[in-house]
Structures are given as structure tokens and as C-alpha cells.
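First the structure, in the form of C-alpha cells, and then the observations on it.
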Amino acid sequence: MRIATAAALGMKGSFCPVTRAPSPNVTRSFAQGFTISYNSSSAGYGTDTTAIVLQERVFFVLSGDHAAALCAAADQSGIAGCVDYFVEHIAQANRLSEHLMATGVNADPFGLMPTALEVIGQDGVQRIAAAANAQMALLTSSQ
């Protein structure tokens with residue numbers, strides 16, 4: 001994503017509070033307690049990524065640049081629009097995304113589900129869990 005594109009989406013860069021080095025992420029926060037974060041670096045995730053960040057604690061991560069679409073979904077429908085988008089693109093969920101833990105599909109050793117429930121609600125949690133389970137079944141059946 002180009003800097004001009006990020007700026008047009010209302011996304012901003014930041015600095016690491018400890019090192020004061022520029023963060024690789026550009027972010028845009030929304031009033032409902034979530035942020036859209038785009039990271040152009042492939043370090044750590046294997047590709048560029050876009051995340052729906054719930055209360056700066058839970059990260060639903062998609063591989064690739066989904067920032068414009070997620071910001072548009074958030075502008076139009078808030079967090080519900082972002083949940084819809086994540087469900088529609090569940091096949092692009094990054095292997096390090098926390099959606100499986102936060103929705104109860106996998107063990108949740110970090111206690112992420114309460115934050116997910118607070119921000120996206122029971123319906124959002126159930127929709128993401130159902131999409132994730134369907135995606136895992138599809139992957140299992142194709143092996």
C-alpha cells in the first residue's frame with residue numbers, strides 16, 4: 001500500500017514507544033473499540049497482512065492488503081461489516097491470526113474470547129467460528 005493510499009483511508013503510522021523506530025504498521029482506529037492495521041512487512045507473518053484489532057488485544061489477521069475494503073466496511077457498517085468481510089475471506093486468514101482462539105475453535109490460553117465477545121458480540125463470534133470450522137473441514141476433505 002502506498003503512503004498516499006493509507007493517508008486517504010485515514011490510516012497513520014506510528015513509532016515504537018521504546019525504540020522510537022517507525023512501526024511497519026499503518027492503522028486507523030474506530031470508536032467501537034477496534035482498529036484496522038496494515039503491515040507491509042512480511043517479517044513474522046510470511047506476507048503483508050491486514051488485521052482487525054479488538055481493543056489492542058485480539059488480532060484477526062488476513063494475509064494480504066485488505067485495508068481499503070476493511071476501512072470501507074467499518075465506515076459503512078462498523079465492526080459488523082468487518083466481521084462480514086473476515087467471514088467472506090476466511091480462506092485468507094493468516095496462520096498466526098488469533099480468531100481460532102478468540103472464537104473457541106481452538107484452546108484459548110490467553111483468554112481472548114471475552115474481548116471478542118465484548119467487541120463483536122456473540123453473533124460475530126459464532127459466525128467467525130462457523131466460517132473457520134467450515135474452512136478447516138474443506139481443507140481436511142481436500143487432502
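Letters A, B, ... mark the chains of the C-alpha cells in the order given; residue numbers begin at 1 per chain; ligand numbers begin at 1, in order shown.
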Could you list, as a short mmCIF file (atom, residue, chain, number, x, y, z; two decimals) with N, CA, C and O atoms, in the first residue's frame, every residue within 9 Å of A:Ser37, counting only C-alpha atoms and ignoring same-chain residues fewer than 5 positions away?
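Saved to result_25.cif:
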```cif
data_model
loop_
_atom_site.label_atom_id
_atom_site.label_comp_id
_atom_site.auth_asym_id
_atom_site.auth_seq_id
_atom_site.Cartn_x
_atom_site.Cartn_y
_atom_site.Cartn_z
N MET A 11 -5.48 6.23 7.55
CA MET A 11 -4.53 5.41 8.30
C MET A 11 -3.28 6.23 8.57
O MET A 11 -2.88 7.07 7.77
N ASN A 25 3.57 -0.84 10.68
CA ASN A 25 2.12 -0.81 10.51
C ASN A 25 1.61 0.60 10.28
O ASN A 25 2.15 1.57 10.82
N VAL A 26 0.53 0.70 9.52
CA VAL A 26 -0.30 1.90 9.49
C VAL A 26 -1.65 1.48 10.03
O VAL A 26 -2.11 0.36 9.78
N THR A 27 -2.28 2.34 10.81
CA THR A 27 -3.51 1.95 11.50
C THR A 27 -4.57 3.04 11.40
O THR A 27 -4.27 4.21 11.18
N ARG A 28 -5.80 2.60 11.60
CA ARG A 28 -6.93 3.52 11.74
C ARG A 28 -7.85 2.96 12.82
O ARG A 28 -8.28 1.81 12.74
N SER A 29 -8.12 3.78 13.81
CA SER A 29 -8.97 3.35 14.93
C SER A 29 -10.41 3.78 14.70
O SER A 29 -10.67 4.82 14.10
N THR A 49 0.16 -8.19 5.75
CA THR A 49 -1.06 -8.60 6.46
C THR A 49 -1.93 -7.39 6.80
O THR A 49 -1.43 -6.27 6.94
N THR A 50 -3.21 -7.68 6.98
CA THR A 50 -4.16 -6.69 7.46
C THR A 50 -4.89 -7.32 8.63
O THR A 50 -5.34 -8.46 8.54
N ALA A 51 -5.01 -6.58 9.72
CA ALA A 51 -5.65 -7.13 10.91
C ALA A 51 -6.81 -6.26 11.37
O ALA A 51 -6.78 -5.03 11.27
N ILE A 52 -7.83 -6.93 11.90
CA ILE A 52 -8.86 -6.29 12.69
C ILE A 52 -8.39 -6.48 14.13
O ILE A 52 -8.28 -7.63 14.59
N VAL A 53 -8.07 -5.41 14.81
CA VAL A 53 -7.52 -5.48 16.15
C VAL A 53 -8.60 -5.05 17.14
O VAL A 53 -9.10 -3.93 17.07
N ALA A 67 -6.83 -3.52 3.60
CA ALA A 67 -7.08 -2.29 4.37
C ALA A 67 -8.21 -1.45 3.78
O ALA A 67 -9.09 -1.00 4.52
#
```
- [ ] With a distance cut-off of 12 Å and only C-alpha atoms, select the neighbouring residues of A:Val83, excluding the residue or stretch itself and same-chain residues fewer than 3 positions from it, and output the selection as a PyMOL selection string.
- [x] chain A and resi 34+36+51-54+60-62+69-71+73-74+77-80+86-90+99+116+119-129+131
- [ ] Could you check how far atom CA of A:Ala130 sits from atom CA of A:Gly46, in Å to one decimal?
- [x]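 Rounded to one decimal, the two atoms are 25.7 Å apart.
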Within stretch 33-82 of chain A, find each residue whose DSSP state, derived from the backbone, is strand (DSSP E or B), and express the selection as a PDB file with C-alpha atoms, in the first residue's frame.
```
ATOM      1  CA  PHE A  34     -11.317  -1.743  17.138  1.00  0.00           C
ATOM      2  CA  THR A  35      -8.540  -0.790  14.755  1.00  0.00           C
ATOM      3  CA  ILE A  36      -7.669  -1.756  11.196  1.00  0.00           C
ATOM      4  CA  SER A  37      -3.921  -2.338  10.887  1.00  0.00           C
ATOM      5  CA  TYR A  38      -1.954  -2.925   7.696  1.00  0.00           C
ATOM      6  CA  ASN A  39       1.622  -4.253   7.875  1.00  0.00           C
ATOM      7  CA  THR A  49      -1.061  -8.595   6.455  1.00  0.00           C
ATOM      8  CA  THR A  50      -4.163  -6.686   7.464  1.00  0.00           C
ATOM      9  CA  ALA A  51      -5.647  -7.126  10.910  1.00  0.00           C
ATOM     10  CA  ILE A  52      -8.859  -6.285  12.688  1.00  0.00           C
ATOM     11  CA  VAL A  53      -7.517  -5.480  16.154  1.00  0.00           C
ATOM     12  CA  LEU A  54     -10.007  -5.682  19.016  1.00  0.00           C
ATOM     13  CA  VAL A  58      -7.028  -9.589  19.867  1.00  0.00           C
ATOM     14  CA  PHE A  59      -5.769  -9.825  16.283  1.00  0.00           C
ATOM     15  CA  PHE A  60      -7.875 -11.273  13.449  1.00  0.00           C
ATOM     16  CA  VAL A  61      -5.254 -11.342  10.693  1.00  0.00           C
ATOM     17  CA  LEU A  62      -5.753 -11.751   6.955  1.00  0.00           C
ATOM     18  CA  SER A  63      -2.841 -12.337   4.596  1.00  0.00           C
TER      19      SER A  63
END
```
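The spacing separating atom CA of A:Ala132 from atom CA of A:Ala68 amounts to 22.9 Å.
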Open item on the list: Please return, as an MDAnalysis selection string, all residues of chain A that DSSP assigns to alpha helix (DSSP H) on the basis of the backbone.
Closed with: chainID A and resid 3:8 67:88 99:102 113:141
Task: For atom CA of A:Pro109 and atom CA of A:Ser97, the interatomic separation in Å (one decimal) - done: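 Straight-line distance from atom CA of A:Pro109 to atom CA of A:Ser97 works out to 14.3 Å.
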